[in-house]
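Let me begin by presenting the structure, written as structure tokens, before commenting on it.
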Amino acid sequence: MSSATEGRRTPGEWLQLTISAVVVAAMFYPTVWMVLSAFKSNREIFRTPFGLPAEWRWSNFTEAWSTGALGDLYLNSLIVTLTAVTVSVTFATAAAFAFARLEFTGRRALYRILLIGLLLPPPVVAIPLFTILRDIGLLNTLWALILPGAAWSLSITIFIMRSYFDSVRPDMEEAALVDGASIWQIFRLVSVPMVWPAMLTVAIINTINIWNELMFALLFIVDEDKRTLPVGLVRFYGYHSTDYALVFAALTMITIPILALYFLLQRHVIAGLAATAMD
């Protein structure tokens with residue numbers, strides 16, 4: 001009897017569940033509406049905006065893909081995102097290891113300077129970045145997005161990684177040091193395997209941020225063949241602003257992959273952030 005009573009939820013718990021369900025539905029429904037609209041005709045979008053499509057128009061996706069040259073945009077975004085995330089996570093993990101495990105002059109001051117990057121909005125550095133990239137000849141290349149994207153992710157990545165390093169006991173690293181391992185060997189063979197959940201967490205966060213980056217891509221890229229998906233979508237909407245079915249189809253093809261990545265790996269993201277918060 002007591003176990004059955006314990007399994008029942010209180011009215012307060014049911015109220016919390018109801019409110020949470022309403023909030024989740026309100027936040028997620030625009031995505032569902034976008035996907036459903038991608039299968040409709042323009043007339044049907046206005047006639048039955050909240051209903052299911054009378055006919056599932058898969059041709060909207062093929063037309064949007066070919067008309068918007070989404071294949072080239074996808075390739076550019078993948079190159080920029082994967083390269084920037086790899087550079088950011090690699091260098092940030094090494095820096096976080098140094099800040100957490102090594103003693104050197106100016107460690108605290110340098111760490112605090114790096115954290116200033118968390119407070120700077122992108123528009124503040126847009127003009128200086130444009131000038132620097134122009135002077136070194138990287139303007140209108142994918143590197144003009146890769147390097148700023150990686151650099152802009154360093155502050156938050158180092159912050160999360162250092163917090164995770166601080167939450168991990170250094171016993172195995174100290175044992176490896178006693179056995180004669182070098183600092184590089186300890187970092188590569190001992191430390192990195194212990195902090196891979198945090199590395200995966202920051203990799204996912206950086207992937208979402210860099211994938212969706214728009215301002216730098218608008219400022220630093222001119223050639224059509226070097227544009228990324230966010231810029232391509234803006235231009236696609238400009239050309240097809242009245243063809244809502246194609247616009248929703250393009251939005252769906254751009255949005256769903258990154259959402260799927262997050263939902264597939266959300267447990268690792270939550271676990272990594274929770275471990276960091278416990279420090």
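Ordering of the structure tokens sets the chain letters (A, B, ...); residue numbers start at 1 within each chain; ligands are numbered from 1 in the order shown.
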
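Neighbours of Thr67 in chain A closer than or equal to 10 Å, with only C-alpha atoms counted and sequence neighbours fewer than 3 positions away skipped, come out as Phe61, Thr62, Glu63, Ala64, Leu70, Phe236, Tyr239, His240, Leu246 and Ala250 of chain A.
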
Give me the residues of range 24-136 of chain A that have any atom at most 8 Å from an atom of range 141-149 of chain A; for each, the nearest atom pair and the distance in Å, rounded to one decimal. Use only C-alpha atoms, sort by chain and number, and format it as a tab-separated table.
residue	atom	partner	partner_atom	distance
A:Asn76	CA	A:Leu142	CA	7.6
A:Val80	CA	A:Ile146	CA	5.2
A:Thr81	CA	A:Ile146	CA	7.2
A:Thr83	CA	A:Ile146	CA	6.6
A:Ala84	CA	A:Ile146	CA	4.9
A:Leu133	CA	A:Ala144	CA	6.6

Residue list (helix (DSSP H, G or I), DSSP) for range 114-249 of chain A, as a PyMOL selection string: chain A and resi 114-118+122-135+143-167+171-178+183-194+196-211+215-220+224-226+229-239+244-249

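Each of A:Leu139, A:Phe91, A:Phe99, A:Ala245 was compared to Leu218 in chain A using only C-alpha atoms, and A:Leu139 turns out to be the nearest.
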
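When only C-alpha atoms are used to compute distances to Val87 in chain A, the closest of the residues A:Leu214, A:Val124, A:Thr10, A:Asn206 turns out to be A:Asn206.
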